[in-house]
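work-v6.pdb follows (PDB, C-alpha atoms, pLDDT in the B column):
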ATOM      1  CA  MET A   1     138.967  83.423 107.559  1.00 65.00           C
ATOM      2  CA  SER A   2     137.371  80.111 108.447  1.00 86.00           C
ATOM      3  CA  SER A   3     135.152  78.291 105.993  1.00 91.00           C
ATOM      4  CA  LYS A   4     132.248  78.553 108.459  1.00 92.00           C
ATOM      5  CA  LEU A   5     132.574  82.321 108.618  1.00 91.00           C
ATOM      6  CA  ALA A   6     132.794  82.514 104.812  1.00 92.00           C
ATOM      7  CA  LEU A   7     129.605  80.453 104.540  1.00 95.00           C
ATOM      8  CA  ALA A   8     127.849  82.633 107.144  1.00 94.00           C
ATOM      9  CA  ARG A   9     128.943  85.745 105.257  1.00 95.00           C
ATOM     10  CA  ALA A  10     127.559  84.402 101.967  1.00 95.00           C
ATOM     11  CA  ILE A  11     124.262  83.361 103.564  1.00 96.00           C
ATOM     12  CA  ALA A  12     123.908  86.750 105.303  1.00 96.00           C
ATOM     13  CA  LEU A  13     124.165  88.449 101.925  1.00 96.00           C
ATOM     14  CA  LEU A  14     122.308  86.072  99.616  1.00 96.00           C
ATOM     15  CA  VAL A  15     119.196  85.265 101.649  1.00 96.00           C
ATOM     16  CA  PRO A  16     118.049  88.859 102.380  1.00 96.00           C
ATOM     17  CA  ALA A  17     118.855  89.810  98.780  1.00 96.00           C
ATOM     18  CA  GLY A  18     116.861  86.827  97.531  1.00 95.00           C
ATOM     19  CA  LEU A  19     113.910  87.566  99.802  1.00 94.00           C
ATOM     20  CA  LEU A  20     113.869  91.194  98.655  1.00 95.00           C
ATOM     21  CA  ALA A  21     114.040  90.089  95.021  1.00 95.00           C
ATOM     22  CA  GLY A  22     111.116  87.754  95.637  1.00 93.00           C
ATOM     23  CA  ALA A  23     109.150  90.532  97.292  1.00 90.00           C
ATOM     24  CA  TYR A  24     109.661  92.857  94.333  1.00 92.00           C
ATOM     25  CA  VAL A  25     108.835  90.130  91.796  1.00 93.00           C
ATOM     26  CA  SER A  26     105.612  89.376  93.676  1.00 90.00           C
ATOM     27  CA  GLN A  27     104.786  93.090  93.764  1.00 88.00           C
ATOM     28  CA  TYR A  28     105.598  94.128  90.213  1.00 91.00           C
ATOM     29  CA  GLY A  29     105.165  90.765  88.507  1.00 91.00           C
ATOM     30  CA  PHE A  30     102.073  89.454  90.266  1.00 86.00           C
ATOM     31  CA  GLY A  31     100.402  92.556  91.730  1.00 83.00           C
ATOM     32  CA  LEU A  32     100.846  91.591  95.398  1.00 81.00           C
ATOM     33  CA  PHE A  33     101.313  95.073  96.819  1.00 83.00           C
ATOM     34  CA  PRO A  34     102.924  95.361 100.260  1.00 83.00           C
ATOM     35  CA  CYS A  35     101.120  96.557 103.358  1.00 84.00           C
ATOM     36  CA  GLU A  36     102.779  98.659 106.061  1.00 84.00           C
ATOM     37  CA  MET A  37     104.115  95.634 107.961  1.00 85.00           C
ATOM     38  CA  CYS A  38     105.481  94.141 104.725  1.00 85.00           C
ATOM     39  CA  TRP A  39     107.531  97.313 104.338  1.00 86.00           C
ATOM     40  CA  TRP A  40     108.877  96.906 107.880  1.00 89.00           C
ATOM     41  CA  GLN A  41     110.213  93.470 106.917  1.00 93.00           C
ATOM     42  CA  ARG A  42     111.735  94.852 103.719  1.00 92.00           C
ATOM     43  CA  TYR A  43     113.451  97.651 105.653  1.00 95.00           C
ATOM     44  CA  ALA A  44     115.022  95.078 107.969  1.00 95.00           C
ATOM     45  CA  HIS A  45     116.321  93.060 105.003  1.00 96.00           C
ATOM     46  CA  PHE A  46     117.741  96.199 103.386  1.00 96.00           C
ATOM     47  CA  ALA A  47     119.409  97.056 106.709  1.00 96.00           C
ATOM     48  CA  ALA A  48     120.889  93.528 106.928  1.00 97.00           C
ATOM     49  CA  LEU A  49     122.486  93.955 103.519  1.00 97.00           C
ATOM     50  CA  VAL A  50     124.668  96.827 104.757  1.00 96.00           C
ATOM     51  CA  PRO A  51     126.770  94.846 107.270  1.00 97.00           C
ATOM     52  CA  ALA A  52     126.615  91.778 104.991  1.00 96.00           C
ATOM     53  CA  VAL A  53     128.267  93.754 102.183  1.00 96.00           C
ATOM     54  CA  LEU A  54     130.707  95.366 104.617  1.00 95.00           C
ATOM     55  CA  ALA A  55     131.747  91.869 105.747  1.00 94.00           C
ATOM     56  CA  PHE A  56     133.271  91.415 102.290  1.00 93.00           C
ATOM     57  CA  VAL A  57     135.286  94.640 102.705  1.00 93.00           C
ATOM     58  CA  VAL A  58     136.305  94.615 106.373  1.00 91.00           C
ATOM     59  CA  LYS A  59     139.087  92.267 107.450  1.00 88.00           C
ATOM     60  CA  GLY A  60     139.960  90.682 110.768  1.00 84.00           C
ATOM     61  CA  ALA A  61     137.655  90.689 113.784  1.00 83.00           C
ATOM     62  CA  GLY A  62     135.479  93.371 112.187  1.00 87.00           C
ATOM     63  CA  GLN A  63     134.444  90.890 109.511  1.00 91.00           C
ATOM     64  CA  ARG A  64     132.968  88.481 112.074  1.00 92.00           C
ATOM     65  CA  LEU A  65     131.250  91.409 113.784  1.00 93.00           C
ATOM     66  CA  MET A  66     129.655  92.543 110.504  1.00 95.00           C
ATOM     67  CA  VAL A  67     128.387  89.015 109.762  1.00 94.00           C
ATOM     68  CA  GLN A  68     126.937  88.699 113.258  1.00 94.00           C
ATOM     69  CA  LEU A  69     125.312  92.134 113.012  1.00 96.00           C
ATOM     70  CA  ALA A  70     123.712  91.076 109.722  1.00 96.00           C
ATOM     71  CA  GLY A  71     122.497  87.901 111.453  1.00 96.00           C
ATOM     72  CA  LEU A  72     120.893  89.919 114.249  1.00 96.00           C
ATOM     73  CA  ILE A  73     119.139  92.214 111.770  1.00 96.00           C
ATOM     74  CA  ILE A  74     117.894  89.177 109.841  1.00 96.00           C
ATOM     75  CA  LEU A  75     116.525  87.908 113.166  1.00 96.00           C
ATOM     76  CA  ILE A  76     114.638  91.202 113.523  1.00 96.00           C
ATOM     77  CA  ALA A  77     113.178  90.666 110.031  1.00 95.00           C
ATOM     78  CA  ALA A  78     112.086  87.188 111.148  1.00 95.00           C
ATOM     79  CA  LEU A  79     110.412  88.552 114.274  1.00 95.00           C
ATOM     80  CA  LEU A  80     108.616  91.197 112.216  1.00 93.00           C
ATOM     81  CA  GLY A  81     107.465  88.467 109.829  1.00 91.00           C
ATOM     82  CA  GLY A  82     106.238  86.360 112.741  1.00 91.00           C
ATOM     83  CA  TYR A  83     104.341  89.298 114.198  1.00 92.00           C
ATOM     84  CA  HIS A  84     102.800  90.079 110.808  1.00 84.00           C
ATOM     85  CA  ALA A  85     101.835  86.442 110.227  1.00 88.00           C
ATOM     86  CA  GLY A  86     100.148  86.384 113.646  1.00 86.00           C
ATOM     87  CA  VAL A  87      98.122  89.431 112.636  1.00 85.00           C
ATOM     88  CA  GLU A  88      97.138  87.761 109.359  1.00 81.00           C
ATOM     89  CA  TYR A  89      96.094  84.555 111.143  1.00 84.00           C
ATOM     90  CA  GLY A  90      94.115  86.531 113.710  1.00 79.00           C
ATOM     91  CA  TRP A  91      96.259  85.460 116.679  1.00 82.00           C
ATOM     92  CA  TRP A  92      96.592  89.078 117.827  1.00 77.00           C
ATOM     93  CA  GLU A  93      95.636  92.518 116.631  1.00 78.00           C
ATOM     94  CA  GLY A  94      98.046  94.523 114.532  1.00 73.00           C
ATOM     95  CA  ILE A  95      98.168  98.073 113.356  1.00 72.00           C
ATOM     96  CA  THR A  96      94.869  99.604 112.309  1.00 56.00           C
ATOM     97  CA  THR A  97      96.073 101.616 109.323  1.00 54.00           C
ATOM     98  CA  CYS A  98      96.199 100.419 105.750  1.00 53.00           C
ATOM     99  CA  ALA A  99      98.855 101.197 103.174  1.00 53.00           C
ATOM    100  CA  THR A 100      98.470 102.336  99.618  1.00 51.00           C
ATOM    101  CA  THR A 101     100.963 102.205  96.787  1.00 54.00           C
ATOM    102  CA  ALA A 102     100.605 105.162  94.443  1.00 53.00           C
ATOM    103  CA  THR A 103     102.639 105.198  91.258  1.00 55.00           C
ATOM    104  CA  ALA A 104     104.624 108.238  90.168  1.00 57.00           C
ATOM    105  CA  GLY A 105     103.887 110.122  86.990  1.00 62.00           C
ATOM    106  CA  GLY A 106     100.697 111.552  85.594  1.00 69.00           C
ATOM    107  CA  ASP A 107      98.085 113.151  87.818  1.00 74.00           C
ATOM    108  CA  PRO A 108      99.127 112.687  91.463  1.00 73.00           C
ATOM    109  CA  LEU A 109      95.578 112.878  92.811  1.00 74.00           C
ATOM    110  CA  GLU A 110      94.377 110.250  90.348  1.00 73.00           C
ATOM    111  CA  ALA A 111      97.321 108.013  91.248  1.00 66.00           C
ATOM    112  CA  ILE A 112      96.471 108.269  94.952  1.00 63.00           C
ATOM    113  CA  LEU A 113      92.754 107.669  94.417  1.00 67.00           C
ATOM    114  CA  ASN A 114      93.363 104.648  92.177  1.00 66.00           C
ATOM    115  CA  ALA A 115      96.102 103.085  94.307  1.00 64.00           C
ATOM    116  CA  PRO A 116      95.205  99.730  95.846  1.00 63.00           C
ATOM    117  CA  ILE A 117      94.527  99.681  99.584  1.00 68.00           C
ATOM    118  CA  VAL A 118      96.407  96.848 101.222  1.00 70.00           C
ATOM    119  CA  ARG A 119      95.318  95.538 104.610  1.00 66.00           C
ATOM    120  CA  CYS A 120      97.887  94.163 107.027  1.00 65.00           C
ATOM    121  CA  ASP A 121      95.489  91.613 108.508  1.00 70.00           C
ATOM    122  CA  THR A 122      94.723  89.852 105.223  1.00 72.00           C
ATOM    123  CA  ALA A 123      97.184  87.525 103.521  1.00 68.00           C
ATOM    124  CA  PRO A 124      97.017  88.181  99.773  1.00 75.00           C
ATOM    125  CA  TRP A 125      98.683  84.832  98.977  1.00 67.00           C
ATOM    126  CA  ASP A 126      99.745  81.676 100.758  1.00 70.00           C
ATOM    127  CA  LEU A 127     101.527  78.414 100.046  1.00 69.00           C
ATOM    128  CA  PHE A 128     100.548  75.356 102.105  1.00 88.00           C
ATOM    129  CA  GLY A 129      98.531  77.678 104.333  1.00 77.00           C
ATOM    130  CA  ILE A 130     101.556  79.838 105.153  1.00 76.00           C
ATOM    131  CA  SER A 131     101.413  83.506 104.150  1.00 81.00           C
ATOM    132  CA  LEU A 132     104.322  85.465 102.702  1.00 81.00           C
ATOM    133  CA  ALA A 133     104.931  86.952 106.153  1.00 83.00           C
ATOM    134  CA  GLY A 134     104.931  83.439 107.595  1.00 86.00           C
ATOM    135  CA  TRP A 135     107.444  82.283 105.006  1.00 85.00           C
ATOM    136  CA  ASN A 136     109.583  85.322 105.800  1.00 91.00           C
ATOM    137  CA  PHE A 137     109.466  84.331 109.475  1.00 92.00           C
ATOM    138  CA  LEU A 138     110.530  80.752 108.729  1.00 94.00           C
ATOM    139  CA  ILE A 139     113.231  81.548 106.172  1.00 94.00           C
ATOM    140  CA  SER A 140     114.654  84.570 107.997  1.00 95.00           C
ATOM    141  CA  GLY A 141     114.552  82.784 111.354  1.00 95.00           C
ATOM    142  CA  ALA A 142     116.445  79.771 110.008  1.00 96.00           C
ATOM    143  CA  THR A 143     118.873  82.094 108.225  1.00 96.00           C
ATOM    144  CA  ALA A 144     119.534  84.141 111.356  1.00 96.00           C
ATOM    145  CA  VAL A 145     120.218  81.009 113.405  1.00 95.00           C
ATOM    146  CA  ALA A 146     122.520  79.613 110.702  1.00 95.00           C
ATOM    147  CA  VAL A 147     124.448  82.875 110.327  1.00 95.00           C
ATOM    148  CA  LEU A 148     124.867  83.357 114.076  1.00 95.00           C
ATOM    149  CA  VAL A 149     125.902  79.755 114.719  1.00 94.00           C
ATOM    150  CA  LEU A 150     128.308  79.610 111.778  1.00 93.00           C
ATOM    151  CA  SER A 151     129.874  82.966 112.645  1.00 91.00           C
ATOM    152  CA  GLY A 152     130.365  82.115 116.321  1.00 86.00           C
ATOM    153  CA  ARG A 153     133.820  81.396 117.634  1.00 73.00           C
ATOM    154  CA  SER A 154     134.660  77.760 118.217  1.00 59.00           C
ATOM    155  CA  ARG A 155     134.916  77.076 121.930  1.00 57.00           C
ATOM    156  CA  ALA A 156     136.601  73.706 121.506  1.00 53.00           C
ATOM    157  CA  THR A 157     140.376  73.574 121.623  1.00 51.00           C
ATOM    158  CA  PRO A 158     141.651  71.613 118.653  1.00 55.00           C
ATOM    159  CA  TYR A 159     143.440  68.378 119.460  1.00 54.00           C
ATOM    160  CA  SER A 160     147.151  68.796 118.841  1.00 56.00           C
ATOM    161  CA  GLY A 161     147.984  65.080 118.832  1.00 60.00           C
ATOM    162  CA  LYS A 162     150.140  65.376 121.934  1.00 62.00           C
ATOM    163  CA  ILE A 163     149.253  63.732 125.195  1.00 64.00           C
ATOM    164  CA  ARG A 164     150.138  65.673 128.278  1.00 60.00           C
ATOM    165  CA  GLU A 165     151.798  63.686 131.014  1.00 61.00           C
ATOM    166  CA  MET A 166     150.967  64.278 134.610  1.00 56.00           C
TER     167      MET A 166
END

How would this structure read if it were set down as structure tokens?
Amino acid sequence: MSSKLALARAIALLVPAGLLAGAYVSQYGFGLFPCEMCWWQRYAHFAALVPAVLAFVVKGAGQRLMVQLAGLIILIAALLGGYHAGVEYGWWEGITTCATTATAGGDPLEAILNAPIVRCDTAPWDLFGISLAGWNFLISGATAVAVLVLSGRSRATPYSGKIREM
């Protein structure tokens, strides 16, 4: 396995895992509950982890395929993040439903009634004017490009040191 493919494989695993960890820390540590479109992005990152993990198990050409599949799914997560950020910034209209996060245990009706309602068109937090969905778009987009470029086959023929005579 080439060092570029090994790097792509590591990136394809670590970045979605890190973004998911950050999402759960922001949810359970800081009370930033996800809306419906946030969940879509999380689902894509969870889906990307499957081929990324399989790339550590599969050998040969299947390994490159798994890394590239993870890269494509990460690209989908980036596109979902970009769409969600556009909704938050008011560039286009998104879904009209809101999501709630009810906790398990106790009285189910009370849990549903007291669950926070999270709107998809409002950014609950931003850094430098960029929402979490916007950061997901930027980080996942750069990650997808890096994974796909690093996992691509080299088209250049290596120089053998011999000069061919005509």

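Look at region 2-17 of chain A: the protein and nucleic acid residues within 6 Å of it, using all atoms listed in the file and passing over chain neighbours fewer than 2 places away, are Leu19, Leu20, His45, Leu49, Ala52, Val67, Val147, Leu150 and Ser151 of chain A.
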
For Gln41 (chain A), find every residue with an atom within 7 Å (counting all atoms listed in the file), except residues of its own chain fewer than 3 positions away, and show them as JSON, numbers by chain.
{"A": [37, 38, 44, 45, 77, 80, 81]}

Would you mind listing what lies within 12 Å of Gly90 (chain A) as a ChimeraX atom specification, with all atoms listed in the file counted and same-chain residues fewer than 3 positions away left out?
/A:83-87,93-94,120-123

So how far away is CA of Pro51 (chain A) from CA of Leu69 (chain A), in Å?
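Separation of CA of Leu69 (chain A) and CA of Pro51 (chain A): 6.5 Å.
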
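CA of Ser26 (chain A) is found 25.6 Å from CA of Asp107 (chain A).
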
Quick one: of A:Leu32, A:Val53, A:Val25, A:Leu132, who's nearest to Glu88 (chain A), counting all atoms listed in the file?
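Using all atoms listed in the file, the shortest distance to Glu88 (chain A) belongs to A:Leu132.
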